[in-house]
>>> print(open('query.tsv').read())   # TSV, C-alpha atoms and all ligand atoms
chain	number	residue	atom	x	y	z
A	1	MET	CA	129.25	-15.72	75.56
A	2	GLN	CA	131.01	-17.71	72.91
A	3	SER	CA	133.61	-15.83	70.95
A	4	SER	CA	131.94	-16.68	67.60
A	5	GLU	CA	128.67	-15.19	68.79
A	6	THR	CA	130.45	-12.06	69.90
A	7	GLU	CA	132.03	-11.85	66.47
A	8	LEU	CA	128.64	-12.19	64.80
A	9	LEU	CA	127.07	-9.54	66.95
A	10	LYS	CA	129.95	-7.19	66.31
A	11	ASN	CA	129.67	-7.73	62.58
A	12	ALA	CA	125.95	-7.17	62.72
A	13	PHE	CA	126.42	-4.00	64.67
A	14	GLU	CA	129.01	-2.74	62.19
A	15	GLU	CA	126.62	-3.48	59.33
A	16	PHE	CA	123.90	-1.60	61.16
A	17	VAL	CA	126.16	1.47	61.67
A	18	LYS	CA	127.09	1.39	57.99
A	19	ALA	CA	123.46	1.16	56.94
A	20	SER	CA	122.48	3.93	59.28
A	21	ASP	CA	125.34	6.12	57.98
A	22	SER	CA	124.31	5.62	54.41
A	23	LEU	CA	120.67	6.25	55.37
A	24	THR	CA	121.70	9.50	57.00
A	25	SER	CA	123.66	10.57	53.96
A	26	TYR	CA	120.72	9.57	51.72
A	27	TYR	CA	118.46	11.61	53.90
A	28	LEU	CA	120.76	14.61	53.64
A	29	VAL	CA	120.82	14.32	49.85
A	30	LEU	CA	117.05	13.99	49.84
A	31	GLU	CA	116.70	17.04	52.06
A	32	GLU	CA	118.95	19.03	49.76
A	33	ARG	CA	116.98	17.86	46.74
A	34	ILE	CA	113.69	18.82	48.38
A	35	SER	CA	114.94	22.27	49.29
A	36	SER	CA	116.23	22.84	45.75
A	37	LEU	CA	112.90	21.58	44.36
A	38	ASN	CA	111.08	23.97	46.67
A	39	LYS	CA	113.26	26.79	45.45
A	40	GLU	CA	112.56	25.78	41.88
A	41	ILE	CA	108.81	25.69	42.54
A	42	ASN	CA	108.95	29.12	44.14
A	43	GLU	CA	110.84	30.51	41.17
A	44	LYS	CA	108.42	28.87	38.76
A	45	ASN	CA	105.52	30.30	40.75
A	46	LYS	CA	107.06	33.75	40.56
A	47	GLU	CA	107.62	33.33	36.82
A	48	LEU	CA	104.04	32.15	36.45
A	49	GLU	CA	102.83	35.16	38.41
A	50	LYS	CA	104.91	37.44	36.19
A	51	ALA	CA	103.64	35.73	33.03
A	52	LYS	CA	100.09	36.08	34.31
A	53	GLU	CA	100.67	39.74	35.08
A	54	SER	CA	102.16	40.45	31.69
A	55	PHE	CA	99.36	38.46	30.06
A	56	TYR	CA	96.80	40.68	31.84
A	57	ASN	CA	98.86	43.73	30.96
A	58	ILE	CA	98.74	42.75	27.31
A	59	LEU	CA	95.00	42.07	27.48
A	60	ASN	CA	94.42	45.38	29.24
A	61	SER	CA	96.46	47.43	26.82
A	62	LEU	CA	94.84	45.95	23.75
A	63	PRO	CA	92.83	48.50	21.79
A	64	VAL	CA	89.96	46.00	21.68
A	65	GLY	CA	87.50	44.90	24.35
A	66	VAL	CA	87.79	41.25	25.49
A	67	VAL	CA	85.11	39.47	27.50
A	68	VAL	CA	85.29	35.79	28.48
A	69	GLN	CA	82.12	34.01	29.41
A	70	HIS	CA	81.30	30.68	30.92
A	71	GLY	CA	77.68	29.97	30.15
A	72	LYS	CA	75.79	33.15	30.86
A	73	SER	CA	78.23	34.51	33.40
A	74	THR	CA	81.18	36.72	32.70
A	75	ILE	CA	84.48	35.44	34.05
A	76	PHE	CA	86.86	38.01	32.60
A	77	THR	CA	86.70	41.53	31.15
A	78	ASN	CA	89.68	43.58	30.08
A	79	LYS	CA	89.91	47.33	30.72
A	80	GLU	CA	88.63	48.36	27.28
A	81	ALA	CA	85.54	46.16	27.68
A	82	GLU	CA	84.92	47.61	31.15
A	83	LYS	CA	85.23	51.14	29.78
A	84	PHE	CA	82.39	50.55	27.36
A	85	GLY	CA	80.35	48.43	29.76
A	86	TRP	CA	80.14	45.35	27.56
A	87	THR	CA	79.29	42.81	30.26
A	88	GLU	CA	75.58	43.43	30.01
A	89	PHE	CA	75.62	43.28	26.23
A	90	CYS	CA	77.54	39.97	26.28
A	91	GLU	CA	75.15	38.43	28.76
A	92	SER	CA	72.28	39.22	26.40
A	93	LEU	CA	73.96	37.44	23.49
A	94	ASP	CA	72.81	34.06	22.22
A	95	GLN	CA	74.77	31.17	23.67
A	96	ALA	CA	76.98	28.74	21.76
A	97	GLY	CA	78.57	28.97	18.36
A	98	SER	CA	80.50	31.71	16.64
A	99	ALA	CA	78.80	34.91	15.69
A	100	MET	CA	79.62	38.45	14.77
A	101	GLY	CA	77.82	41.71	14.38
A	102	GLU	CA	77.81	45.45	14.85
A	103	VAL	CA	76.41	47.44	17.70
A	104	ARG	CA	76.06	51.14	18.45
A	105	ASN	CA	75.76	52.65	21.88
A	106	GLY	CA	76.10	56.17	23.27
A	107	LYS	CA	79.89	55.73	23.22
A	108	GLY	CA	80.37	54.77	19.60
A	109	TYR	CA	80.07	52.18	16.90
A	110	PHE	CA	81.52	48.71	17.56
A	111	ARG	CA	82.13	45.50	15.68
A	112	TRP	CA	82.05	42.31	17.77
A	113	ARG	CA	83.00	38.69	17.20
A	114	LYS	CA	82.31	35.72	19.43
A	115	SER	CA	84.14	32.40	19.36
A	116	SER	CA	84.47	29.35	21.57
A	117	LEU	CA	87.64	28.86	23.58
A	118	THR	CA	89.36	25.56	22.86
A	119	ASN	CA	92.18	23.70	24.74
A	120	GLY	CA	90.32	22.30	27.69
A	121	SER	CA	88.25	25.42	28.19
A	122	SER	CA	85.07	23.92	26.86
A	123	GLY	CA	81.95	25.92	27.53
A	124	LYS	CA	83.92	29.16	27.61
A	125	GLU	CA	83.54	31.82	24.97
A	126	VAL	CA	85.55	34.88	24.14
A	127	ILE	CA	83.89	37.99	22.74
A	128	VAL	CA	86.07	40.67	21.18
A	129	PHE	CA	84.94	44.26	20.51
A	130	GLU	CA	86.57	46.67	18.15
A	131	ASP	CA	85.79	50.38	18.17
A	132	VAL	CA	85.05	51.25	14.54
A	133	SER	CA	83.48	54.67	15.26
A	134	GLU	CA	86.19	56.55	13.38
A	135	ILE	CA	86.00	54.25	10.34
A	136	GLN	CA	82.21	54.46	10.44
A	137	LYS	CA	82.33	58.27	10.66
A	138	MET	CA	84.70	58.47	7.73
A	139	LYS	CA	82.53	56.11	5.69
A	140	GLU	CA	79.47	58.15	6.55
A	141	ARG	CA	81.26	61.38	5.61
A	142	SER	CA	82.45	60.18	2.25
A	143	GLU	CA	79.00	58.77	1.43
A	144	ARG	CA	77.48	62.08	2.46
A	145	ASP	CA	79.94	64.07	0.32
A	146	GLU	CA	79.18	61.96	-2.71
A	147	LYS	CA	75.41	62.11	-2.19
A	148	LEU	CA	75.38	65.86	-1.56
A	149	ARG	CA	77.54	66.52	-4.57
A	150	ALA	CA	75.06	64.68	-6.81
A	151	MET	CA	72.07	66.27	-5.12
A	152	GLY	CA	73.68	69.70	-5.31
A	153	GLU	CA	74.32	69.34	-9.00
A	154	MET	CA	70.75	68.31	-9.62
A	155	ALA	CA	69.38	71.10	-7.45
A	156	ALA	CA	71.55	73.64	-9.24
A	157	ARG	CA	70.33	72.44	-12.63
A	158	ILE	CA	66.70	72.63	-11.56
A	159	ALA	CA	67.31	76.03	-9.96
A	160	HIS	CA	68.67	77.35	-13.24
A	161	GLU	CA	65.58	76.10	-15.07
A	162	ILE	CA	63.31	77.78	-12.53
A	163	LYS	CA	65.21	81.04	-12.55
A	164	ASN	CA	64.35	81.99	-16.17
A	165	PRO	CA	60.53	81.77	-15.95
A	166	LEU	CA	60.76	83.30	-12.48
A	167	GLY	CA	62.51	86.35	-13.97
A	168	SER	CA	59.73	86.74	-16.55
A	169	MET	CA	57.12	86.45	-13.80
A	170	GLN	CA	58.81	89.19	-11.78
A	171	LEU	CA	58.94	91.44	-14.84
A	172	PHE	CA	55.28	90.90	-15.83
A	173	LEU	CA	54.08	91.25	-12.26
A	174	SER	CA	55.84	94.59	-11.92
A	175	MET	CA	54.20	95.68	-15.20
A	176	ILE	CA	50.77	94.64	-13.92
A	177	LEU	CA	51.44	96.53	-10.71
A	178	ARG	CA	52.18	99.71	-12.66
A	179	GLY	CA	48.75	99.57	-14.32
A	180	LYS	CA	45.42	100.55	-12.84
A	181	MET	CA	43.67	98.13	-10.52
A	182	GLY	CA	41.52	97.95	-7.43
A	183	ARG	CA	42.88	97.76	-3.87
A	184	LYS	CA	42.01	94.09	-3.49
A	185	GLU	CA	43.64	93.15	-6.81
A	186	ARG	CA	46.77	95.12	-5.87
A	187	GLU	CA	46.91	93.18	-2.62
A	188	TYR	CA	46.67	89.87	-4.52
A	189	VAL	CA	49.39	90.87	-6.96
A	190	ASN	CA	51.61	91.95	-4.06
A	191	SER	CA	51.10	88.55	-2.43
A	192	VAL	CA	52.12	86.83	-5.65
A	193	ILE	CA	55.20	89.09	-5.86
A	194	PHE	CA	56.07	88.22	-2.27
A	195	GLY	CA	55.84	84.51	-3.10
A	196	VAL	CA	57.85	84.86	-6.29
A	197	ASN	CA	60.54	86.84	-4.44
A	198	THR	CA	60.73	84.15	-1.75
A	199	ILE	CA	61.26	81.47	-4.39
A	200	ASP	CA	63.86	83.70	-6.02
A	201	ARG	CA	65.70	84.11	-2.71
A	202	ILE	CA	65.75	80.36	-2.07
A	203	ILE	CA	66.96	79.68	-5.58
A	204	ASN	CA	69.69	82.30	-5.25
A	205	ASN	CA	70.80	80.80	-1.95
A	206	LEU	CA	70.90	77.38	-3.50
A	207	LEU	CA	72.87	78.55	-6.49
A	208	SER	CA	75.42	80.61	-4.65
A	209	TYR	CA	76.16	78.11	-1.90
A	210	THR	CA	75.87	74.81	-3.70
A	211	ARG	CA	79.37	75.36	-4.90
A	212	PRO	CA	80.70	78.56	-3.38
A	213	LYS	CA	82.92	79.51	-6.32
A	214	THR	CA	84.59	82.55	-4.94
A	215	ILE	CA	85.85	81.96	-1.47
A	216	ALA	CA	87.68	85.07	-0.38
A	217	LEU	CA	90.36	83.80	1.98
A	218	ARG	CA	91.62	86.22	4.60
A	219	GLU	CA	93.83	85.78	7.60
A	220	ALA	CA	91.69	86.27	10.69
A	221	GLY	CA	91.16	85.05	14.24
A	222	ILE	CA	88.68	82.20	14.06
A	223	SER	CA	87.77	82.34	17.73
A	224	GLY	CA	86.86	86.05	17.43
A	225	ILE	CA	84.63	85.37	14.42
A	226	VAL	CA	82.79	82.58	16.25
A	227	LYS	CA	82.27	84.77	19.34
A	228	GLU	CA	81.10	87.68	17.20
A	229	THR	CA	78.56	85.53	15.33
A	230	LEU	CA	77.34	84.03	18.59
A	231	ASP	CA	76.84	87.48	20.15
A	232	PHE	CA	75.05	88.69	17.05
A	233	MET	CA	72.77	85.64	16.93
A	234	SER	CA	72.00	85.59	20.65
A	235	VAL	CA	69.79	88.64	20.11
A	236	SER	CA	67.48	86.49	17.98
A	237	VAL	CA	66.99	83.80	20.61
A	238	GLY	CA	63.27	84.62	20.57
A	239	GLY	CA	62.28	84.96	24.20
A	240	LYS	CA	63.73	81.60	25.22
A	241	ASP	CA	65.80	81.22	28.37
A	242	VAL	CA	69.03	80.01	26.79
A	243	LYS	CA	72.29	79.69	28.68
A	244	ILE	CA	75.04	80.30	26.13
A	245	ARG	CA	78.59	79.24	27.00
A	246	PHE	CA	81.60	79.98	24.86
A	247	SER	CA	85.15	78.73	25.24
A	248	SER	CA	88.21	78.72	23.06
A	249	SER	CA	91.61	77.07	23.19
A	250	TYR	CA	92.76	78.42	19.85
A	251	GLU	CA	93.54	82.08	19.52
A	252	ASP	CA	95.81	82.01	16.47
A	253	ARG	CA	94.94	83.51	13.17
A	254	MET	CA	94.26	81.33	10.16
A	255	TRP	CA	93.18	81.59	6.54
A	256	PHE	CA	89.47	81.32	5.79
A	257	ASP	CA	86.56	83.26	4.32
A	258	PRO	CA	85.07	85.01	7.36
A	259	ASP	CA	81.84	86.06	5.65
A	260	LEU	CA	81.07	82.61	4.28
A	261	LEU	CA	82.04	80.94	7.52
A	262	LYS	CA	79.84	83.31	9.54
A	263	LEU	CA	76.93	82.25	7.38
A	264	ALA	CA	77.62	78.60	8.11
A	265	LEU	CA	77.97	79.31	11.86
A	266	MET	CA	74.68	81.21	11.88
A	267	ASN	CA	72.90	78.12	10.58
A	268	PHE	CA	74.21	75.95	13.41
A	269	ILE	CA	73.32	78.56	16.01
A	270	SER	CA	69.80	79.18	14.69
A	271	ASN	CA	69.17	75.44	14.43
A	272	ALA	CA	70.29	75.00	18.05
A	273	PHE	CA	67.98	77.80	19.23
A	274	GLU	CA	65.11	76.24	17.29
A	275	ALA	CA	65.83	72.83	18.82
A	276	LEU	CA	65.56	74.19	22.36
A	277	SER	CA	62.30	74.43	24.20
A	278	ASP	CA	61.66	77.40	26.49
A	279	LYS	CA	64.76	76.68	28.51
A	280	GLY	CA	68.06	75.18	27.50
A	281	SER	CA	71.72	75.65	26.86
A	282	LEU	CA	74.09	76.01	23.96
A	283	ASP	CA	77.80	75.28	24.35
A	284	VAL	CA	80.14	76.61	21.72
A	285	ALA	CA	83.80	75.67	21.82
A	286	VAL	CA	86.73	76.42	19.52
A	287	ARG	CA	89.50	73.86	19.98
A	288	ASP	CA	92.99	73.27	18.76
A	289	GLU	CA	93.09	69.75	17.28
A	290	GLY	CA	96.60	69.56	15.86
A	291	LYS	CA	96.27	69.99	12.12
A	292	TRP	CA	92.66	71.02	12.54
A	293	VAL	CA	90.65	73.61	14.41
A	294	SER	CA	87.25	72.44	15.57
A	295	ILE	CA	84.17	74.52	16.26
A	296	MET	CA	81.58	72.67	18.31
A	297	PHE	CA	77.93	73.53	18.88
A	298	ALA	CA	76.26	71.39	21.52
A	299	ASP	CA	72.67	71.96	22.55
A	300	ASP	CA	70.38	70.11	24.94
A	301	GLY	CA	67.38	70.45	22.72
A	302	VAL	CA	65.03	67.94	21.08
A	303	GLY	CA	67.78	65.93	19.37
A	304	MET	CA	67.11	63.67	16.40
A	305	ASP	CA	66.50	60.03	15.68
A	306	GLU	CA	69.05	58.13	13.57
A	307	GLU	CA	66.94	58.35	10.39
A	308	THR	CA	66.71	62.16	10.69
A	309	ARG	CA	70.42	62.50	11.50
A	310	ARG	CA	71.34	60.70	8.32
A	311	ASN	CA	69.36	63.12	6.16
A	312	ILE	CA	69.85	66.54	7.72
A	313	PHE	CA	72.46	67.70	5.20
A	314	ASN	CA	70.27	66.93	2.19
A	315	PRO	CA	68.97	70.02	0.39
A	316	PHE	CA	65.35	70.77	1.33
A	317	PHE	CA	65.31	68.24	4.15
A	318	THR	CA	63.47	69.78	7.07
A	319	THR	CA	61.37	68.61	9.99
A	320	LYS	CA	60.09	72.11	10.73
A	321	ASP	CA	56.74	73.54	9.64
A	322	LYS	CA	58.37	76.68	8.36
A	323	GLY	CA	61.75	75.18	7.55
A	324	VAL	CA	63.39	75.34	4.15
A	325	GLY	CA	65.99	72.67	4.76
A	326	LEU	CA	68.87	74.52	3.14
A	327	GLY	CA	70.79	75.65	6.23
A	328	LEU	CA	72.91	72.56	6.77
A	329	PHE	CA	73.29	71.92	3.06
A	330	ILE	CA	74.75	75.41	2.66
A	331	ALA	CA	76.90	74.99	5.77
A	332	HIS	CA	78.23	71.68	4.40
A	333	ASN	CA	79.16	73.31	1.08
A	334	ILE	CA	80.87	76.24	2.79
A	335	VAL	CA	82.91	73.97	5.05
A	336	LYS	CA	83.72	71.66	2.11
A	337	ALA	CA	84.96	74.69	0.14
A	338	HIS	CA	87.42	75.22	3.01
A	339	ASP	CA	88.57	71.57	2.73
A	340	GLY	CA	86.95	70.87	6.07
A	341	TYR	CA	84.25	68.51	7.27
A	342	ILE	CA	81.33	68.39	9.69
A	343	GLU	CA	80.37	65.75	12.22
A	344	ALA	CA	76.86	65.48	13.60
A	345	GLU	CA	75.93	63.50	16.68
A	346	SER	CA	72.61	63.41	18.43
A	347	ILE	CA	70.56	61.59	20.99
A	348	GLU	CA	66.83	61.91	20.59
A	349	GLY	CA	65.32	63.88	23.45
A	350	LYS	CA	68.76	64.78	24.86
A	351	GLY	CA	70.39	67.12	22.35
A	352	SER	CA	72.67	67.44	19.38
A	353	CYS	CA	76.29	68.22	18.78
A	354	PHE	CA	77.69	69.56	15.52
A	355	THR	CA	81.43	69.92	15.05
A	356	ILE	CA	83.09	71.71	12.17
A	357	TYR	CA	86.70	70.79	11.41
A	358	LEU	CA	88.76	73.30	9.45
A	359	PRO	CA	92.33	72.66	8.34
A	360	LYS	CA	94.87	75.07	9.87
A	361	GLY	CA	97.34	74.87	7.06
A	362	ARG	CA	95.48	76.73	4.35
A	363	SER	CA	96.91	79.76	2.64
B	401	LIG	P1	65.85	73.94	8.55
B	401	LIG	O1	66.43	74.58	9.76
B	401	LIG	O2	65.29	74.94	7.60
B	401	LIG	O3	64.90	72.84	8.86
B	401	LIG	P2	68.49	72.88	8.21
B	401	LIG	O4	69.22	72.40	7.00
B	401	LIG	O5	69.11	74.01	8.94
B	401	LIG	O6	67.05	73.28	7.72
B	401	LIG	O7	68.26	71.68	9.17
B	401	LIG	C1	67.70	70.47	8.67
B	401	LIG	C2	67.07	69.65	9.77
B	401	LIG	O8	68.08	69.17	10.63
B	401	LIG	C3	66.13	70.41	10.68
B	401	LIG	O9	64.84	70.51	10.15
B	401	LIG	C4	66.16	69.52	11.94
B	401	LIG	O10	65.33	68.41	11.78
B	401	LIG	C5	67.59	69.00	11.95
B	401	LIG	N1	68.46	69.76	12.87
B	401	LIG	C6	69.42	70.63	12.53
B	401	LIG	N2	70.03	71.11	13.63
B	401	LIG	C7	69.44	70.53	14.69
B	401	LIG	C8	69.63	70.61	16.11
B	401	LIG	N3	70.56	71.39	16.66
B	401	LIG	N4	68.84	69.83	16.90
B	401	LIG	C9	67.92	69.01	16.36
B	401	LIG	N5	67.69	68.91	15.04
B	401	LIG	C10	68.44	69.64	14.22
B	402	MG	MG	68.17	75.74	9.78
>>> encode(input="query.tsv", output="structure tokens")
Amino acid sequence: MQSSETELLKNAFEEFVKASDSLTSYYLVLEERISSLNKEINEKNKELEKAKESFYNILNSLPVGVVVQHGKSTIFTNKEAEKFGWTEFCESLDQAGSAMGEVRNGKGYFRWRKSSLTNGSSGKEVIVFEDVSEIQKMKERSERDEKLRAMGEMAARIAHEIKNPLGSMQLFLSMILRGKMGRKEREYVNSVIFGVNTIDRIINNLLSYTRPKTIALREAGISGIVKETLDFMSVSVGGKDVKIRFSSSYEDRMWFDPDLLKLALMNFISNAFEALSDKGSLDVAVRDEGKWVSIMFADDGVGMDEETRRNIFNPFFTTKDKGVGLGLFIAHNIVKAHDGYIEAESIEGKGSCFTIYLPKGRS
């Protein structure tokens, strides 16, 4: 071999070694870069997972129900929405476009709003539910208070007007009765007296309980009073097979008018007995509710439709052949005089639940 060729080959070989060295070091750098990128991706994935988790946590701890739909199928429901079983309701909703409305189910009163998701989520819609049962109940209560106050005032005015001629009738009837008359006539007059006395009793009830003026507050055990009234009333259950259960989680004494309250309680108990068919149950519970004490009457009787439920406290509202329709009106006024309130819930055919709330701090 010529020496110049050898030189060339040597140079070429040296160049090759150099290139291979630099390739190796490039490769090492690349490998390092890849491993750091992998690490970065893993960290990002973890962060993403965490963000996702906290996003779901937030969605699940929201006090509103959230349902996401794609077309007719549900792709996400948060805990609150699951609790109230909203999937079915959402699937029955009209597709496309924003909408809102209110819906009531056995679990409460809800306001819902539907809107389309944007940002590359076309075709997806989010439906949000808010539980407005408490607001609705309060609204209902204040409307009821206002209505009953006006109705009560009118009833009291009419009652006063009726009371005067009624008094004269009673007087003249007793005079007629003192005179001579046949057996038949005496019977007729007695029937008229019976009728007049019934009217008088209703009017007196109406007048004295429309605005119970004198509430005689005493310190007494509320739970004992409820139990006592229940025992007393259970005698008049009228041959029905009624399972009565009583429980109490409040044994303290508090200030109230025991006689007036007993009268209110009697109305709830007799209504429950009347709502039951031959067989049924009545649950009565006294509960400690913080600032309030509640007394609940739950029966599994006939229940009421929504229209009836809205009117039951009105004076003279009754659905019974022999009803007078004053029981709940009187009960409302008695509870109101104690600064309390009543809630009424019912499912037609299933039963009703009345709850009285009385403030503890009254003296
Ligand atoms: P009355 O008992 O004379 O009808 P109330 O004021 O006590 O008058 O009750 C009014 C109406 O409320 C009743 O006629 C009935 O329709 C309804 N109601 C009250 N309590 C119940 C109950 N526990 N279950 C079903 N309906 C009830
Ligand atoms: Mg009644």
>>> closest_atom_pairs(input="query.tsv", of="chain A", to="ligand MG 402 (chain B)", cutoff="7 Å", atoms="only C-alpha atoms and all ligand atoms", output="Markdown table")
| residue | atom | partner | partner_atom | distance |
| --- | --- | --- | --- | --- |
| A:Asn267 | CA | B:MG402 | MG | 5.4 |
| A:Ser270 | CA | B:MG402 | MG | 6.2 |
| A:Asn271 | CA | B:MG402 | MG | 4.8 |
| A:Gly323 | CA | B:MG402 | MG | 6.8 |
| A:Gly325 | CA | B:MG402 | MG | 6.3 |
| A:Leu326 | CA | B:MG402 | MG | 6.8 |
| A:Gly327 | CA | B:MG402 | MG | 4.4 |
| A:Leu328 | CA | B:MG402 | MG | 6.5 |
>>> residues_near_ligand(input="query.tsv", ligand="ligand LIG 401 (chain B)", cutoff="7 Å", atoms="only C-alpha atoms and all ligand atoms", output="list in words")
Asn267, Phe268, Asn271, Ala272, Ala275, Asp299, Gly301, Val302, Gly303, Met304, Thr308, Ile312, Phe313, Phe317, Thr318, Thr319, Lys320, Gly323, Val324, Gly325, Leu326, Gly327, Leu328, Phe329, Gly351, Ser352 and Cys353 of chain A
>>> residues_around(input="query.tsv", residues="Glu91 in chain A", least_positions_apart="4", cutoff="12 Å", atoms="only C-alpha atoms", output="MDAnalysis selection string")
chainID A and resid 67:75 85:87 95 125:127
>>> residues_around(input="query.tsv", residues="Gly280 in chain A", least_positions_apart="5", cutoff="7 Å", atoms="all atoms listed in the file", output="PDB file with C-alpha atoms, in the coordinates of the input")
ATOM      1  CA  ASP A 241      65.800  81.220  28.370  1.00  0.00           C
ATOM      2  CA  VAL A 242      69.030  80.010  26.790  1.00  0.00           C
ATOM      3  CA  LYS A 243      72.290  79.690  28.680  1.00  0.00           C
ATOM      4  CA  ASP A 300      70.380  70.110  24.940  1.00  0.00           C
ATOM      5  CA  GLY A 301      67.380  70.450  22.720  1.00  0.00           C
TER       6      GLY A 301
END
>>> residues_around(input="query.tsv", residues="range 334-342 of chain A", least_positions_apart="3", cutoff="8 Å", atoms="all atoms listed in the file", output="list of chain:residue names")
A:Arg141, A:Tyr209, A:Arg211, A:Pro212, A:Ile215, A:Phe256, A:Leu260, A:Leu261, A:Ala264, A:Ile330, A:Ala331, A:Phe354, A:Thr355, A:Ile356, A:Tyr357, A:Leu358, A:Pro359
>>> closest_residue(input="query.tsv", among="A:Glu185, A:Leu177, A:Asn333, A:Ser92", to="Ser208 in chain A", atoms="only C-alpha atoms")
A:Asn333
>>> atom_distance(input="query.tsv", atom1="CA of Ile199 in chain A", atom2="CA of Glu153 in chain A")
18.4 Å
